[in-house]
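Undergrad: I have a structure I would like to understand better, so I am pasting it below and will then ask my questions one at a time.
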Amino acid sequence: MNDLDPLSAFASLLTDQGRALLDEVRDTEPAQELAVATRLRREYPVGLVSAALGQARLRQRAVAKFGAADAGRMYFTPNGVEQSTRASVAAYRARRFQELGVRSLADLCCGIGGDAIALARAGIRVLAVDRDPLTAAVARANADALGLDELIEVREADVTEVSTAAYDAVFVDPARRGGRGRVFDPEAYSPPLSWAVRTALEAPLAALKIAPGIPHETVPAEAGAEWISDSGDVKEAVLWFGTGEAGSVRATLLPGPRTLVGRGLPDPQVRPLGRYLYEPDGAVIRAHLVAEVAEELDGGGLIDETIAYITADSLKAGPYTTAYEITDQLPFGVKKLKGLLRERGVGVLTVKKRGSAVEPEELRRKVKPQGPNSATVFLTRVKGAPTMLLGHPAPA
């Protein structure tokens with residue numbers, strides 16, 4: 001067992017001996033791995049020890065996406081941890097499928113099964129398909145480990161050769177990474193976006209997971225587009241087919257969910273900086289719904305026609321923005337900022353930027369904030385001019 005191939009190494013973890021070893025190495029810290037491996041190799045095969053320690057490391061990384069309870073029972077591959085859907089996002093999408101009346105679904109390019117798990121927990125019967133033998137084996141093991149094997153059938157196959165006619169809906173999550181990292185051209189996805197769209201149009205209902213940076217002009221006319229963020233981080237975009245919302249645009253914020261639907265408003269006007277600055281959630285910006293947010297504010301407008309910061313004279317709380325009270329507006333200049341921070345006794349400085357090439361850490365090193373107070377500085381443009389705005393989060 002010293003030189004097991006990846007599939008055989010994974011299979012060894014599913015044996016009684018493998019499961020016992022996984023329990024033993026569960027909480028191993030990275031700094032302890034060498035000592036633990038040396039000790040365990042006296043009792044277990046070398047290949048099994050390496051596989052178990054590797055899996056324990058992946059489980060620790062997966063806690064951020066799946067939570068400690070599930071991550072501690074599931075199995076992962078390095079790509080699976082990196083590319084799988086965050087559990088909260090998968091659960092939201094599964095609920096939406098459920099509300100649309102879906103009872104069976106073909107999950108194409110299922111990866112390690114994160115979406116299939118959420119769908120099954122919503123009571124939906126799932127065919128989970130992936131062409132990679134190891135990935136399919138991991139997805140099958142996860143369905144079994146979480147007690148969902150009666151609802152999830154995992155099939156190792158090329159998704160382009162699988163019939164989905166017997167299912168209420170289709171979900172496609174094309175691979176967006178290649179040998180050189182992220183793939184930005186939708187036609188370079190695996191399978192290409194054009195194939196996924198054709199498959200979606202043939203199904204009664206479908207959703208395609210895509211990168212949140214997809215240009216709006218490439219969204220098919222038959223689809224409704226949704227951008228999803230979780231706790232302020234934009235996670236993905238989804239194209240929905242068959243929902244009766246062709247051409248719609250929405251931004252959904254988790255937890256919640258809170259959903260803002262586009263109304264086709266023109267871009268907000270540029271206006272002078274007011275007392276408050278509003279930073280829209282990333283999903284709102286990606287969905288091009290800044291105008292919908294600005295309309296909800298009294299006199300809300302942009303500080304610059306190319307910058308997605310909204311300003312207003314009054315404070316109005318809302319779920320789609322974070323509000324800051326602005327105390328100072330300065331032309332860009334490190335010396336001026338350093339002097340002002342020293343005068344205000346600012347030792348904790350949050351740096352945000354939009355429309356500036358300056359890196360936050362670089363600025364923080366140069367101004368060397370010291371003192372008991374905190375502040376937020378925005379590096380941006382106001383009516384085309386490089387500007388620094390100093391302030392603090394507004395009361396909720």
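Ordering of the structure tokens sets the chain letters (A, B, ...), residue numbers begin anew at 1 in every chain, and ligands are numbered from 1 in the order given.
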When DSSP works through the backbone of this structure, what residues of stretch 104-159 of chain A end up as strand (DSSP E), shown as a ChimeraX atom specification?
TA: /A:104-108,125-130,152-156
Undergrad: For the selection just defined, write its residues with C-alpha atoms to a file, as a CSV table (one decimal), in the first residue's frame.
TA:
```csv
chain,number,residue,atom,x,y,z
A,104,SER,CA,-36.5,14.8,-9.1
A,105,LEU,CA,-33.4,16.4,-10.6
A,106,ALA,CA,-30.3,15.5,-12.7
A,107,ASP,CA,-27.2,17.1,-11.1
A,108,LEU,CA,-24.7,17.2,-13.9
A,125,ARG,CA,-34.5,12.6,-5.7
A,126,VAL,CA,-31.1,13.2,-7.4
A,127,LEU,CA,-29.1,11.7,-10.2
A,128,ALA,CA,-25.6,13.0,-9.6
A,129,VAL,CA,-23.2,12.6,-12.5
A,130,ASP,CA,-19.5,13.2,-12.8
A,152,ILE,CA,-28.9,10.2,-4.4
A,153,GLU,CA,-27.8,7.9,-7.2
A,154,VAL,CA,-24.2,8.7,-8.3
A,155,ARG,CA,-23.3,7.8,-11.8
A,156,GLU,CA,-19.8,7.9,-13.2
```
Undergrad: Quick one: pick out all alpha helix (DSSP H) residues within stretch 312-365 of chain A from a backbone DSSP run and write them as number ranges by chain.
TA: A: 334-344, 360-365
Undergrad: Hey, what's within 12 Å of stretch 375-378 of chain A if we count only C-alpha atoms and toss same-chain stuff fewer than 2 positions away? As an NGL selection string, please?
TA: :A and (277-279 or 303 or 307 or 309 or 323-332 or 334 or 337-338 or 340-342 or 344-356 or 358-360 or 363-364 or 367 or 369-373 or 380-382 or 386-394)
Undergrad: Please list as a list in words every residue within 10 Å of A:Ala91, counting only C-alpha atoms and excluding residues in the same chain fewer than 3 positions away.
TA: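 Counting only the stated atoms, we get Thr85, Arg86, Ala87, Ser88, Ala94, Arg95, Arg96, Phe97, Gly114, Asp115, Ala116, Ile117, Ala118, Leu119, Ala120, Arg121 and Ala122 of chain A.
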Undergrad: Which neighbours of stretch 280-291 of chain A fall inside 9 Å, counting only C-alpha atoms, when residues of the same chain fewer than 2 positions from it are skipped, and could you give them as a ChimeraX atom specification?
TA: /A:212-214,216,225-229,232-237,249-253,260-268,278,293-296,301,308-310,319-323
Undergrad: Those residues with C-alpha atoms, as a compact mmCIF listing (two decimals), in the first residue's frame please?
TA:
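The resulting file, out14.txt, is reproduced below:
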```txt
# COMPACT_ATOMS: atom_id res chain seq x y z
CA PRO A 212 -20.26 35.80 -10.99
CA GLY A 213 -18.10 37.85 -13.35
CA ILE A 214 -19.95 36.69 -16.47
CA HIS A 216 -24.46 40.46 -18.78
CA ALA A 225 -30.00 35.69 -13.95
CA GLU A 226 -29.36 35.66 -10.21
CA TRP A 227 -26.24 36.75 -8.34
CA ILE A 228 -25.81 35.28 -4.85
CA SER A 229 -23.68 36.51 -1.95
CA GLY A 232 -21.15 39.82 2.00
CA ASP A 233 -19.02 37.57 -0.25
CA VAL A 234 -20.24 37.07 -3.82
CA LYS A 235 -20.26 33.32 -4.40
CA GLU A 236 -21.82 32.66 -7.79
CA ALA A 237 -24.29 33.53 -10.48
CA VAL A 249 -32.13 40.05 -13.00
CA ARG A 250 -31.93 39.59 -9.25
CA ALA A 251 -29.47 39.78 -6.39
CA THR A 252 -29.91 37.42 -3.44
CA LEU A 253 -28.17 37.98 -0.12
CA LEU A 260 -33.67 42.43 -4.88
CA VAL A 261 -35.29 42.20 -8.34
CA GLY A 262 -34.22 44.54 -11.12
CA ARG A 263 -36.70 47.03 -12.52
CA GLY A 264 -34.65 48.25 -15.46
CA LEU A 265 -33.87 51.63 -13.91
CA PRO A 266 -31.38 54.02 -15.55
CA ASP A 267 -28.04 54.62 -13.84
CA PRO A 268 -28.27 57.02 -10.87
CA TYR A 278 -23.48 53.56 1.01
CA VAL A 293 -30.79 50.59 -4.21
CA ALA A 294 -30.15 54.30 -4.81
CA GLU A 295 -33.83 54.86 -5.54
CA GLU A 296 -34.70 53.72 -2.01
CA GLY A 301 -26.81 59.32 -6.17
CA ALA A 308 -20.55 51.93 -7.31
CA TYR A 309 -20.63 54.03 -4.15
CA ILE A 310 -23.90 55.80 -3.37
CA PRO A 319 -30.30 45.05 3.73
CA TYR A 320 -28.55 45.70 0.43
CA THR A 321 -25.97 48.28 1.54
CA THR A 322 -23.59 49.08 4.37
CA ALA A 323 -23.74 52.72 5.44
```
Undergrad: Calculated over only C-alpha atoms, which of the candidates A:Gly47, A:Gly101, A:Pro272, A:Pro133 has the smallest distance to A:Asp168?
TA: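 Checking each of A:Gly47, A:Gly101, A:Pro272, A:Pro133 against A:Asp168, counting only C-alpha atoms, the winner is A:Gly101.
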Undergrad: List the neighbours of A:Ala69 out to 12 Å using only C-alpha atoms; skip same-chain residues closer than 2 positions along the sequence, and give me the result as a list in words.
TA: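 Residues near the query, excluding close chain neighbours: Arg59, Gln60, Ala62, Val63, Ala64, Lys65, Phe66, Gly67, Ala71, Gly72, Arg73, Met74, Ala87, Ala145 and Leu146 of chain A.
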Undergrad: Taking only C-alpha atoms into account, which of A:Ile112, A:Ala312, A:Ala157, A:Leu21 comes nearest A:Gly80?
TA: A:Ile112
Undergrad: Rank nothing, just name the residue among A:Phe184, A:Ser194, A:Arg39, A:Thr199 nearest to A:Pro215, using only C-alpha atoms.
TA: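 Closest to A:Pro215, using only C-alpha atoms: A:Phe184.
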Undergrad: Tell me, as a PDB file with N, CA, C and O atoms, in the first residue's frame, which residues lie within 9 Å of A:Gln83, counting only C-alpha atoms; anything in the same chain fewer than 2 positions away does not count.
TA:
```pdb
ATOM      1  N   PRO A  78      -8.909  17.664  -3.128  1.00  0.00           N
ATOM      2  CA  PRO A  78      -8.468  19.069  -3.099  1.00  0.00           C
ATOM      3  C   PRO A  78      -9.333  19.971  -3.988  1.00  0.00           C
ATOM      4  O   PRO A  78      -9.755  21.042  -3.570  1.00  0.00           O
ATOM      5  N   ASN A  79      -9.618  19.519  -5.216  1.00  0.00           N
ATOM      6  CA  ASN A  79     -10.473  20.317  -6.099  1.00  0.00           C
ATOM      7  C   ASN A  79     -11.899  20.390  -5.563  1.00  0.00           C
ATOM      8  O   ASN A  79     -12.584  21.400  -5.728  1.00  0.00           O
ATOM      9  N   GLY A  80     -12.349  19.330  -4.913  1.00  0.00           N
ATOM     10  CA  GLY A  80     -13.701  19.305  -4.382  1.00  0.00           C
ATOM     11  C   GLY A  80     -13.912  20.342  -3.298  1.00  0.00           C
ATOM     12  O   GLY A  80     -14.946  21.017  -3.260  1.00  0.00           O
ATOM     13  N   VAL A  81     -12.933  20.492  -2.415  1.00  0.00           N
ATOM     14  CA  VAL A  81     -13.035  21.522  -1.376  1.00  0.00           C
ATOM     15  C   VAL A  81     -13.046  22.901  -2.009  1.00  0.00           C
ATOM     16  O   VAL A  81     -13.821  23.780  -1.626  1.00  0.00           O
ATOM     17  N   THR A  85     -19.932  23.994  -3.870  1.00  0.00           N
ATOM     18  CA  THR A  85     -20.810  25.079  -3.436  1.00  0.00           C
ATOM     19  C   THR A  85     -20.858  25.139  -1.913  1.00  0.00           C
ATOM     20  O   THR A  85     -20.955  24.108  -1.250  1.00  0.00           O
ATOM     21  N   GLY A 111     -19.501  16.972  -8.935  1.00  0.00           N
ATOM     22  CA  GLY A 111     -18.375  17.111  -8.028  1.00  0.00           C
ATOM     23  C   GLY A 111     -18.495  16.158  -6.859  1.00  0.00           C
ATOM     24  O   GLY A 111     -18.961  15.031  -6.997  1.00  0.00           O
ATOM     25  N   ALA A 175     -17.205  22.749 -14.865  1.00  0.00           N
ATOM     26  CA  ALA A 175     -15.898  23.031 -14.269  1.00  0.00           C
ATOM     27  C   ALA A 175     -15.367  24.338 -14.844  1.00  0.00           C
ATOM     28  O   ALA A 175     -15.354  24.537 -16.063  1.00  0.00           O
ATOM     29  N   ARG A 176     -14.935  25.238 -13.946  1.00  0.00           N
ATOM     30  CA  ARG A 176     -14.429  26.538 -14.387  1.00  0.00           C
ATOM     31  C   ARG A 176     -12.961  26.714 -14.034  1.00  0.00           C
ATOM     32  O   ARG A 176     -12.462  27.828 -13.922  1.00  0.00           O
ATOM     33  N   ARG A 177     -12.275  25.604 -13.871  1.00  0.00           N
ATOM     34  CA  ARG A 177     -10.832  25.624 -13.644  1.00  0.00           C
ATOM     35  C   ARG A 177     -10.153  24.673 -14.612  1.00  0.00           C
ATOM     36  O   ARG A 177     -10.656  23.585 -14.883  1.00  0.00           O
TER      37      ARG A 177
END
```
Undergrad: Enter the distance from atom CA of A:Pro257 to atom CA of A:Ala211, in Å, rounded to one decimal.
TA: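 That distance, rounded to one decimal, is 20.0 Å.
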Undergrad: Measuring atom to atom with only C-alpha atoms, identify which of A:Pro174, A:Gly18, A:Gly339, A:Gly274 is nearest to A:Lys368.
TA: A:Gly339
Undergrad: Expressed in Å to a single decimal, how great is the separation between atom CA of A:Thr38 and atom CA of A:Leu58?
TA: 19.9 Å
Undergrad: Would you please work out which residue, of A:Arg41, A:Arg140, A:Arg275, A:Lys209, is nearest to A:Phe76 when using only C-alpha atoms?
TA: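 The answer is A:Arg140, which sits nearest to A:Phe76.
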